[in-house]
$ cat upload-v2.txt   # compact mmCIF, C-alpha atoms and all ligand atoms
# COMPACT_ATOMS: atom_id res chain seq x y z
CA MET A 1 29.61 3.92 -13.73
CA LYS A 2 27.23 5.43 -11.21
CA LYS A 3 25.10 3.10 -9.13
CA LYS A 4 21.33 3.49 -9.53
CA ILE A 5 18.56 3.63 -6.97
CA LEU A 6 14.82 3.70 -7.41
CA ILE A 7 12.91 5.88 -4.93
CA LEU A 8 9.22 5.06 -4.57
CA GLY A 9 7.83 8.52 -3.96
CA GLY A 10 4.77 10.62 -3.29
CA SER A 11 5.98 11.89 0.09
CA SER A 12 8.11 14.71 1.47
CA GLU A 13 10.79 12.15 2.41
CA ALA A 14 11.08 11.04 -1.23
CA PHE A 15 11.42 14.66 -2.33
CA GLN A 16 14.11 15.36 0.31
CA LEU A 17 16.05 12.22 -0.53
CA ASP A 18 16.05 12.98 -4.25
CA LYS A 19 17.29 16.50 -3.48
CA ALA A 20 20.03 15.23 -1.17
CA LEU A 21 21.31 12.82 -3.85
CA LEU A 22 21.27 15.25 -6.78
CA GLU A 23 24.94 16.17 -6.50
CA SER A 24 26.16 12.63 -5.78
CA GLU A 25 29.12 11.55 -7.91
CA THR A 26 28.55 7.87 -7.14
CA LEU A 27 24.81 7.46 -7.36
CA SER A 28 21.91 8.46 -9.59
CA ALA A 29 18.34 8.29 -8.33
CA ILE A 30 15.06 8.00 -10.19
CA THR A 31 11.82 8.70 -8.34
CA SER A 32 8.62 6.84 -9.13
CA LEU A 33 5.26 8.60 -8.73
CA ALA A 34 1.89 6.87 -8.81
CA GLY A 35 0.31 9.57 -10.98
CA ARG A 36 -2.76 10.07 -8.79
CA THR A 37 -2.77 13.88 -9.00
CA SER A 38 -2.48 15.98 -12.13
CA LEU A 39 -0.03 18.45 -10.58
CA PRO A 40 2.15 16.41 -8.20
CA ARG A 41 5.10 17.95 -6.38
CA LYS A 42 7.73 16.85 -8.86
CA PRO A 43 11.19 15.70 -7.79
CA ILE A 44 14.07 17.87 -8.98
CA GLY A 45 15.87 14.84 -10.39
CA PRO A 46 14.60 12.28 -12.93
CA TYR A 47 11.26 10.63 -12.34
CA ARG A 48 8.81 8.21 -13.90
CA THR A 49 5.02 8.09 -13.44
CA GLY A 50 2.47 5.26 -13.15
CA GLY A 51 2.14 1.79 -11.64
CA PHE A 52 4.62 -0.99 -12.40
CA GLY A 53 2.00 -3.71 -12.71
CA GLY A 54 2.25 -5.26 -9.25
CA ALA A 55 5.29 -6.77 -7.52
CA GLU A 56 6.24 -8.70 -10.64
CA GLY A 57 6.22 -5.54 -12.75
CA MET A 58 8.38 -3.79 -10.18
CA ALA A 59 10.80 -6.73 -10.12
CA SER A 60 11.09 -6.55 -13.92
CA TYR A 61 11.71 -2.80 -13.75
CA ILE A 62 14.50 -3.36 -11.17
CA LEU A 63 16.22 -5.98 -13.35
CA GLU A 64 15.76 -4.17 -16.68
CA ASN A 65 17.08 -0.89 -15.29
CA ASP A 66 19.98 -2.35 -13.26
CA ILE A 67 18.70 -0.86 -10.01
CA ASP A 68 21.23 -1.34 -7.19
CA ALA A 69 18.91 -0.43 -4.31
CA LEU A 70 15.25 0.32 -3.77
CA ILE A 71 14.01 2.97 -1.34
CA ASP A 72 10.36 2.84 -0.40
CA ALA A 73 9.61 6.41 0.64
CA THR A 74 5.87 6.20 0.07
CA HIS A 75 3.20 7.50 2.45
CA PRO A 76 2.53 5.20 5.45
CA PHE A 77 -1.04 4.60 4.21
CA ALA A 78 0.18 3.46 0.78
CA ALA A 79 0.39 -0.13 2.00
CA LYS A 80 0.06 -1.94 -1.32
CA ILE A 81 3.10 -0.40 -2.99
CA SER A 82 5.20 -1.03 0.15
CA LEU A 83 4.19 -4.68 0.15
CA ASN A 84 4.97 -4.90 -3.57
CA ALA A 85 8.40 -3.37 -2.88
CA SER A 86 9.14 -6.09 -0.28
CA LYS A 87 8.04 -8.82 -2.70
CA ALA A 88 10.04 -7.33 -5.60
CA ALA A 89 13.15 -7.04 -3.40
CA LYS A 90 12.85 -10.70 -2.37
CA ARG A 91 12.40 -11.78 -5.99
CA THR A 92 15.35 -9.81 -7.36
CA GLY A 93 17.74 -9.73 -4.37
CA CYS A 94 17.79 -5.93 -4.69
CA PRO A 95 18.43 -4.36 -1.23
CA LEU A 96 15.37 -2.48 0.02
CA LEU A 97 14.96 0.26 2.59
CA HIS A 98 11.51 1.31 3.80
CA ILE A 99 11.32 4.84 5.22
CA TRP A 100 8.52 4.60 7.77
CA ARG A 101 8.01 7.93 9.47
CA GLU A 102 6.93 7.98 13.10
CA ALA A 103 3.20 8.16 13.83
CA TRP A 104 1.72 11.21 15.59
CA GLN A 105 1.17 10.78 19.31
CA GLN A 106 -1.58 12.38 21.39
CA LYS A 107 -0.54 15.42 23.42
CA GLU A 108 -2.16 17.02 26.43
CA GLY A 109 -5.37 18.74 25.34
CA ASP A 110 -5.94 16.44 22.36
CA GLN A 111 -9.33 14.73 22.20
CA TRP A 112 -8.56 11.83 19.93
CA THR A 113 -10.52 8.65 19.37
CA LEU A 114 -8.35 6.06 17.63
CA VAL A 115 -10.10 4.01 14.96
CA ASP A 116 -8.82 1.24 12.73
CA SER A 117 -10.46 2.27 9.49
CA ILE A 118 -12.30 5.06 7.72
CA LYS A 119 -15.38 2.84 7.66
CA ALA A 120 -15.19 2.45 11.45
CA ALA A 121 -14.99 6.24 11.85
CA ALA A 122 -18.08 6.63 9.65
CA GLY A 123 -19.94 4.15 11.85
CA ILE A 124 -19.29 5.84 15.20
CA LEU A 125 -19.96 9.49 14.31
CA THR A 126 -22.98 11.00 16.07
CA PRO A 127 -25.07 13.99 14.93
CA ALA A 128 -23.45 16.00 17.76
CA ASP A 129 -20.11 15.66 15.89
CA SER A 130 -21.44 17.60 12.88
CA PRO A 131 -20.03 19.47 10.97
CA VAL A 132 -17.16 17.07 10.34
CA PHE A 133 -13.96 18.04 8.54
CA LEU A 134 -12.65 15.15 6.40
CA THR A 135 -8.93 15.31 5.57
CA ILE A 136 -8.50 11.77 4.21
CA GLY A 137 -8.20 12.59 0.50
CA ARG A 138 -10.90 11.94 -2.07
CA LEU A 139 -10.70 8.21 -2.75
CA GLU A 140 -12.39 6.84 0.35
CA LEU A 141 -15.11 9.42 0.99
CA ALA A 142 -17.86 7.04 -0.08
CA ALA A 143 -17.56 5.42 3.39
CA PHE A 144 -19.52 8.44 4.72
CA LEU A 145 -22.31 8.38 2.12
CA GLU A 146 -24.85 6.78 4.45
CA ARG A 147 -24.37 9.47 7.10
CA THR A 148 -27.05 11.78 5.77
CA ASP A 149 -27.50 13.07 9.34
CA ILE A 150 -24.10 14.77 9.32
CA ASN A 151 -22.63 17.68 7.36
CA PHE A 152 -19.17 17.08 5.90
CA ILE A 153 -16.49 19.45 4.68
CA ALA A 154 -14.17 17.28 2.59
CA ARG A 155 -10.76 18.63 1.61
CA ALA A 156 -8.90 17.10 -1.32
CA ILE A 157 -6.11 18.22 -3.65
CA GLU A 158 -8.34 18.25 -6.72
CA PRO A 159 -11.63 16.84 -8.04
CA ALA A 160 -11.74 13.12 -8.76
CA LYS A 161 -10.47 12.02 -12.15
CA SER A 162 -12.56 9.69 -14.30
CA ASP A 163 -10.04 6.84 -13.78
CA ASP A 164 -10.02 7.12 -9.98
CA PRO A 165 -10.64 3.76 -8.28
CA SER A 166 -13.65 5.32 -6.52
CA GLY A 167 -14.81 6.96 -9.77
CA LYS A 168 -16.79 9.59 -7.86
CA ASP A 169 -16.53 13.34 -8.00
CA ALA A 170 -18.23 16.11 -6.03
CA ALA A 171 -21.36 16.00 -8.20
CA PHE A 172 -21.94 12.40 -7.10
CA TYR A 173 -22.16 13.34 -3.42
CA PRO A 174 -25.36 14.55 -1.73
CA ALA A 175 -25.88 18.09 -0.45
CA ASN A 176 -24.51 17.33 3.03
CA PHE A 177 -21.01 17.12 1.46
CA LYS A 178 -19.17 20.35 0.71
CA PHE A 179 -15.80 20.10 -1.08
CA ILE A 180 -12.69 22.23 -0.68
CA TYR A 181 -9.94 21.66 -3.25
CA GLU A 182 -6.61 22.84 -1.91
CA LYS A 183 -3.09 21.49 -1.81
CA GLY A 184 -1.12 21.62 1.46
CA PRO A 185 0.92 22.20 3.43
CA PHE A 186 -1.42 24.44 5.44
CA SER A 187 -0.30 26.80 8.18
CA LEU A 188 -1.78 26.82 11.66
CA ASN A 189 -3.49 30.13 10.87
CA GLU A 190 -5.06 28.68 7.74
CA GLU A 191 -6.28 25.55 9.54
CA ARG A 192 -7.69 27.52 12.47
CA ALA A 193 -9.47 29.95 10.13
CA LEU A 194 -10.99 27.12 8.07
CA MET A 195 -12.25 25.29 11.16
CA LYS A 196 -13.76 28.49 12.58
CA THR A 197 -15.37 29.55 9.28
CA HIS A 198 -17.08 26.19 8.88
CA LYS A 199 -17.86 25.85 12.62
CA ILE A 200 -16.18 22.43 12.56
CA ARG A 201 -16.79 20.21 15.58
CA THR A 202 -14.91 17.10 14.53
CA LEU A 203 -11.82 16.35 12.45
CA ILE A 204 -11.16 13.03 10.74
CA SER A 205 -7.51 12.41 9.88
CA LYS A 206 -5.22 9.56 8.93
CA ASN A 207 -2.28 9.18 11.31
CA SER A 208 0.15 10.22 8.58
CA GLY A 209 2.91 11.47 10.89
CA GLY A 210 5.48 14.08 9.84
CA ILE A 211 5.27 17.85 10.09
CA ALA A 212 3.70 18.83 6.77
CA ALA A 213 0.13 17.91 7.75
CA TYR A 214 0.33 18.47 11.51
CA ALA A 215 -1.07 22.03 11.79
CA LYS A 216 -4.68 20.80 11.61
CA LEU A 217 -4.12 18.81 14.81
CA THR A 218 -2.73 21.82 16.66
CA ALA A 219 -5.71 23.88 15.48
CA ALA A 220 -8.13 21.14 16.59
CA ARG A 221 -6.46 21.01 20.04
CA GLU A 222 -6.63 24.79 20.42
CA LEU A 223 -10.29 24.90 19.40
CA GLY A 224 -11.23 21.90 21.59
CA LEU A 225 -12.38 19.77 18.65
CA LYS A 226 -12.88 16.05 18.69
CA VAL A 227 -10.53 14.09 16.40
CA PHE A 228 -11.10 10.64 14.94
CA MET A 229 -7.59 9.41 14.16
CA ILE A 230 -7.31 6.55 11.67
CA ASN A 231 -4.64 4.07 12.72
CA ARG A 232 -2.00 3.10 10.19
CA PRO A 233 -1.63 -0.11 8.24
CA PRO A 234 1.08 -2.40 9.71
CA LYS A 235 4.70 -1.26 9.57
CA PRO A 236 6.71 -2.99 6.81
CA GLU A 237 8.59 -6.05 8.09
CA PRO A 238 12.38 -5.99 8.06
CA GLY A 239 14.12 -9.18 6.90
CA PRO A 240 17.14 -10.37 4.94
CA GLY A 241 18.06 -7.51 2.58
CA ILE A 242 15.12 -5.43 3.84
CA ASP A 243 15.61 -2.65 6.41
CA VAL A 244 13.34 -0.03 7.93
CA VAL A 245 14.31 3.48 9.12
CA SER A 246 12.17 6.44 10.14
CA ASN A 247 13.78 9.41 8.37
CA VAL A 248 15.84 10.63 5.43
CA GLU A 249 18.99 11.14 7.50
CA ASP A 250 19.01 7.45 8.43
CA ALA A 251 18.30 6.55 4.81
CA LEU A 252 21.43 8.47 3.76
CA THR A 253 23.43 6.59 6.42
CA TRP A 254 22.05 3.31 5.03
CA LEU A 255 23.22 4.28 1.52
CA THR A 256 26.65 5.24 2.89
CA GLU A 257 27.01 1.95 4.77
CA ARG A 258 26.37 0.09 1.51
CA GLY A 259 29.04 2.14 -0.31
CA LEU A 260 26.45 3.71 -2.59
CA ILE A 261 27.33 7.26 -1.51
CA ASN A 262 30.30 8.63 0.37
P1 LIG A 301 -1.19 2.03 -2.79
O1 LIG A 301 -2.63 1.74 -2.50
O2 LIG A 301 -0.17 1.50 -1.89
O3 LIG A 301 -0.82 1.58 -4.27
C1 LIG A 301 -1.78 1.20 -5.23
C2 LIG A 301 -1.06 1.01 -6.55
O4 LIG A 301 -0.65 2.29 -7.05
C3 LIG A 301 0.23 0.22 -6.44
O5 LIG A 301 -0.03 -1.16 -6.44
C4 LIG A 301 1.00 0.70 -7.65
O6 LIG A 301 0.48 0.15 -8.83
C5 LIG A 301 0.63 2.18 -7.68
N1 LIG A 301 1.59 3.01 -6.95
C6 LIG A 301 1.47 3.51 -5.69
N2 LIG A 301 2.53 4.27 -5.38
C7 LIG A 301 3.32 4.26 -6.48
C8 LIG A 301 4.56 4.89 -6.78
N3 LIG A 301 5.18 5.69 -5.90
N4 LIG A 301 5.10 4.65 -8.01
C9 LIG A 301 4.47 3.86 -8.91
N5 LIG A 301 3.30 3.26 -8.68
C10 LIG A 301 2.73 3.47 -7.48
O7 LIG A 301 -0.97 3.62 -2.91
P2 LIG A 301 -1.98 4.84 -2.62
O8 LIG A 301 -2.37 4.82 -1.19
O9 LIG A 301 -3.02 4.86 -3.71
O10 LIG A 301 -0.98 6.06 -2.83
C11 LIG A 301 -0.52 6.41 -4.12
C12 LIG A 301 0.66 7.36 -3.97
O11 LIG A 301 0.25 8.51 -3.27
C13 LIG A 301 1.83 6.75 -3.22
O12 LIG A 301 2.98 6.94 -4.01
C14 LIG A 301 1.88 7.50 -1.91
O13 LIG A 301 3.22 7.74 -1.50
C15 LIG A 301 1.13 8.78 -2.21
N6 LIG A 301 0.30 9.25 -1.08
C16 LIG A 301 -0.62 8.43 -0.52
C17 LIG A 301 -1.38 8.86 0.55
C18 LIG A 301 -2.40 7.97 1.21
O14 LIG A 301 -3.06 8.43 2.19
N7 LIG A 301 -2.58 6.73 0.77
C19 LIG A 301 -1.19 10.16 1.06
C20 LIG A 301 -0.21 10.99 0.47
C21 LIG A 301 0.52 10.52 -0.60
P3 LIG A 301 1.15 -1.16 -9.49
O15 LIG A 301 0.72 -2.31 -8.63
O16 LIG A 301 0.60 -1.20 -10.87
O17 LIG A 301 2.64 -0.98 -9.46

$ encode --input "upload-v2.txt" --output "structure tokens" --more "lines below"
Ligand code: NAP
Amino acid sequence: MKKKILILGGSSEAFQLDKALLESETLSAITSLAGRTSLPRKPIGPYRTGGFGGAEGMASYILENDIDALIDATHPFAAKISLNASKAAKRTGCPLLHIWREAWQQKEGDQWTLVDSIKAAAGILTPADSPVFLTIGRLELAAFLERTDINFIARAIEPAKSDDPSGKDAAFYPANFKFIYEKGPFSLNEERALMKTHKIRTLISKNSGGIAAYAKLTAARELGLKVFMINRPPKPEPGPGIDVVSNVEDALTWLTERGLIN
């Protein structure tokens, strides 16, 4: 009988891990996606879509499906699902590994201002920062609604769906918001061209880390743009049965050490 792991996905790490485990003779993996976007990057292996119904729902899923280990490979800003994973692991005794990728660090030439929330970024913008390029997704854009003195270019994967928590689509936003619907990753050339075309002065980004979304920061550095960098939610806490690593390679080592793969 193969052992089973549940990968909480929605990130490039989850995709890579699923791919690395496809040929395993000892382990089968199922990836879980939140279902936020209509055309997500689907794992090659089996997957399920939609919330579990909180930590309790996840714990039930783990027990009902005989999951031997849980890997939280969600985005660093997806704090709720990571917390639920820790709670579900404690409730069920299922070993849990959080993959917490390293945050981006400022380099020479960067002009970053670090802020703790999207709301805080909205509060400190000045008219001289306009036009502002928003790369924070579509769910939290309402934080900028009161800034009628600033022009925004907001990039999102797709228009809001009617069941989005924010429930707002482009039509809801005033004329100082322009929307671009595109799915990354974007190359340096693409990011540079977009920033030049829209005469962007300021970029607002979450500190997601990783390489897939980094080109915009290189382009901003090259063009001398100001960046408001949103700090991450707290790193998941390790504890009994709960470990934290920063990359897929270390996750594979963790699985090997537990005899789940060889
Ligand atoms: P979140 O705030 O941490 O989670 C909200 C709720 O969505 C969770 O309580 C859970 O519902 C459900 N959920 C989230 N991830 C799930 C998953 N992988 N499988 C099943 N249910 C999931 O998450 P979020 O920030 O909205 O992000 C949603 C997904 O998008 C995550 O999987 C994340 O990896 C990905 N993502 C997020 C960001 C970001 O900036 N936040 C960026 C890129 C990708 P229940 O409580 O009902 O289980």

$ closest_atom_pairs --input "upload-v2.txt" --of "chain A" --to "ligand LIG 301 (chain A)" --cutoff "9 Å" --atoms "all atoms listed in the file" --output "JSON lines"
{"residue": "A:Ile7", "atom": "CA", "partner": "A:LIG301", "partner_atom": "N3", "distance": 7.8}
{"residue": "A:Leu8", "atom": "CA", "partner": "A:LIG301", "partner_atom": "N3", "distance": 4.3}
{"residue": "A:Gly9", "atom": "CA", "partner": "A:LIG301", "partner_atom": "N3", "distance": 4.3}
{"residue": "A:Gly10", "atom": "CA", "partner": "A:LIG301", "partner_atom": "O13", "distance": 3.7}
{"residue": "A:Ser11", "atom": "CA", "partner": "A:LIG301", "partner_atom": "O13", "distance": 5.2}
{"residue": "A:Ser12", "atom": "CA", "partner": "A:LIG301", "partner_atom": "C21", "distance": 8.9}
{"residue": "A:Ala14", "atom": "CA", "partner": "A:LIG301", "partner_atom": "O13", "distance": 8.5}
{"residue": "A:Thr31", "atom": "CA", "partner": "A:LIG301", "partner_atom": "N3", "distance": 7.7}
{"residue": "A:Ser32", "atom": "CA", "partner": "A:LIG301", "partner_atom": "N4", "distance": 4.3}
{"residue": "A:Leu33", "atom": "CA", "partner": "A:LIG301", "partner_atom": "N4", "distance": 4.0}
{"residue": "A:Ala34", "atom": "CA", "partner": "A:LIG301", "partner_atom": "C10", "distance": 3.7}
{"residue": "A:Gly35", "atom": "CA", "partner": "A:LIG301", "partner_atom": "N5", "distance": 7.4}
{"residue": "A:Arg36", "atom": "CA", "partner": "A:LIG301", "partner_atom": "C11", "distance": 6.3}
{"residue": "A:Thr37", "atom": "CA", "partner": "A:LIG301", "partner_atom": "O11", "distance": 8.4}
{"residue": "A:Arg48", "atom": "CA", "partner": "A:LIG301", "partner_atom": "N4", "distance": 7.8}
{"residue": "A:Thr49", "atom": "CA", "partner": "A:LIG301", "partner_atom": "C9", "distance": 6.2}
{"residue": "A:Gly50", "atom": "CA", "partner": "A:LIG301", "partner_atom": "C9", "distance": 4.9}
{"residue": "A:Gly51", "atom": "CA", "partner": "A:LIG301", "partner_atom": "O16", "distance": 3.5}
{"residue": "A:Phe52", "atom": "CA", "partner": "A:LIG301", "partner_atom": "O17", "distance": 3.5}
{"residue": "A:Gly53", "atom": "CA", "partner": "A:LIG301", "partner_atom": "O16", "distance": 3.4}
{"residue": "A:Gly54", "atom": "CA", "partner": "A:LIG301", "partner_atom": "O15", "distance": 3.4}
{"residue": "A:Ala55", "atom": "CA", "partner": "A:LIG301", "partner_atom": "O15", "distance": 6.5}
{"residue": "A:Glu56", "atom": "CA", "partner": "A:LIG301", "partner_atom": "O17", "distance": 8.6}
{"residue": "A:Gly57", "atom": "CA", "partner": "A:LIG301", "partner_atom": "O17", "distance": 6.7}
{"residue": "A:Met58", "atom": "CA", "partner": "A:LIG301", "partner_atom": "O17", "distance": 6.4}
{"residue": "A:Asp72", "atom": "CA", "partner": "A:LIG301", "partner_atom": "N3", "distance": 8.1}
{"residue": "A:Ala73", "atom": "CA", "partner": "A:LIG301", "partner_atom": "O13", "distance": 6.9}
{"residue": "A:Thr74", "atom": "CA", "partner": "A:LIG301", "partner_atom": "O13", "distance": 3.4}
{"residue": "A:His75", "atom": "CA", "partner": "A:LIG301", "partner_atom": "O13", "distance": 4.0}
{"residue": "A:Pro76", "atom": "CA", "partner": "A:LIG301", "partner_atom": "C18", "distance": 7.1}
{"residue": "A:Phe77", "atom": "CA", "partner": "A:LIG301", "partner_atom": "N7", "distance": 4.3}
{"residue": "A:Ala78", "atom": "CA", "partner": "A:LIG301", "partner_atom": "O2", "distance": 3.3}
{"residue": "A:Ala79", "atom": "CA", "partner": "A:LIG301", "partner_atom": "O2", "distance": 4.3}
{"residue": "A:Lys80", "atom": "CA", "partner": "A:LIG301", "partner_atom": "O2", "distance": 3.5}
{"residue": "A:Ile81", "atom": "CA", "partner": "A:LIG301", "partner_atom": "O2", "distance": 3.9}
{"residue": "A:Ser82", "atom": "CA", "partner": "A:LIG301", "partner_atom": "O2", "distance": 6.3}
{"residue": "A:Leu83", "atom": "CA", "partner": "A:LIG301", "partner_atom": "O2", "distance": 7.8}
{"residue": "A:Asn84", "atom": "CA", "partner": "A:LIG301", "partner_atom": "O5", "distance": 6.9}
{"residue": "A:Ile136", "atom": "CA", "partner": "A:LIG301", "partner_atom": "O14", "distance": 6.7}
{"residue": "A:Gly137", "atom": "CA", "partner": "A:LIG301", "partner_atom": "O14", "distance": 6.8}
{"residue": "A:Leu139", "atom": "CA", "partner": "A:LIG301", "partner_atom": "O9", "distance": 8.4}
{"residue": "A:Pro165", "atom": "CA", "partner": "A:LIG301", "partner_atom": "O9", "distance": 9.0}
{"residue": "A:Lys206", "atom": "CA", "partner": "A:LIG301", "partner_atom": "O14", "distance": 7.2}
{"residue": "A:Ser208", "atom": "CA", "partner": "A:LIG301", "partner_atom": "O14", "distance": 7.4}

$ atom_distance --input "upload-v2.txt" --atom1 "CA of Val132 in chain A" --atom2 "CA of Ile230 in chain A"
14.5 Å

$ atom_distance --input "upload-v2.txt" --atom1 "CA of Ile5 in chain A" --atom2 "CA of Ala69 in chain A"
4.9 Å

$ atom_distance --input "upload-v2.txt" --atom1 "CA of Ala122 in chain A" --atom2 "CA of Pro236 in chain A"
26.7 Å

$ axis_aligned_box --input "upload-v2.txt" --around "range 20-36 of chain A" --padding-each-side "3 Å" --output "lines of an AutoDock Vina configuration file"
center_x = 13.2
center_y = 11.5
center_z = -6.1
size_x = 37.9
size_y = 15.3
size_z = 15.8

$ residues_around --input "upload-v2.txt" --residues "Arg201 in chain A" --least-positions-apart "3" --cutoff "6 Å" --atoms "only C-alpha atoms" --output "number ranges by chain"
A: 129-131, 225

$ write_last_selection --input "upload-v2.txt" --atoms "C-alpha atoms" --output "PDB file, in the frame of the given file"
ATOM      1  CA  ASP A 129     -20.110  15.660  15.890  1.00  0.00           C
ATOM      2  CA  SER A 130     -21.440  17.600  12.880  1.00  0.00           C
ATOM      3  CA  PRO A 131     -20.030  19.470  10.970  1.00  0.00           C
ATOM      4  CA  LEU A 225     -12.380  19.770  18.650  1.00  0.00           C
TER       5      LEU A 225
END

$ residues_around --input "upload-v2.txt" --residues "range 19-21 of chain A" --least-positions-apart "2" --cutoff "10 Å" --atoms "only C-alpha atoms" --output "list in words"
Glu13, Ala14, Phe15, Gln16, Leu17, Glu23, Ser24, Glu25, Thr26, Leu27, Ser28, Ala29, Pro43, Ile44, Gly45, Val248, Glu249, Leu252 and Ile261 of chain A
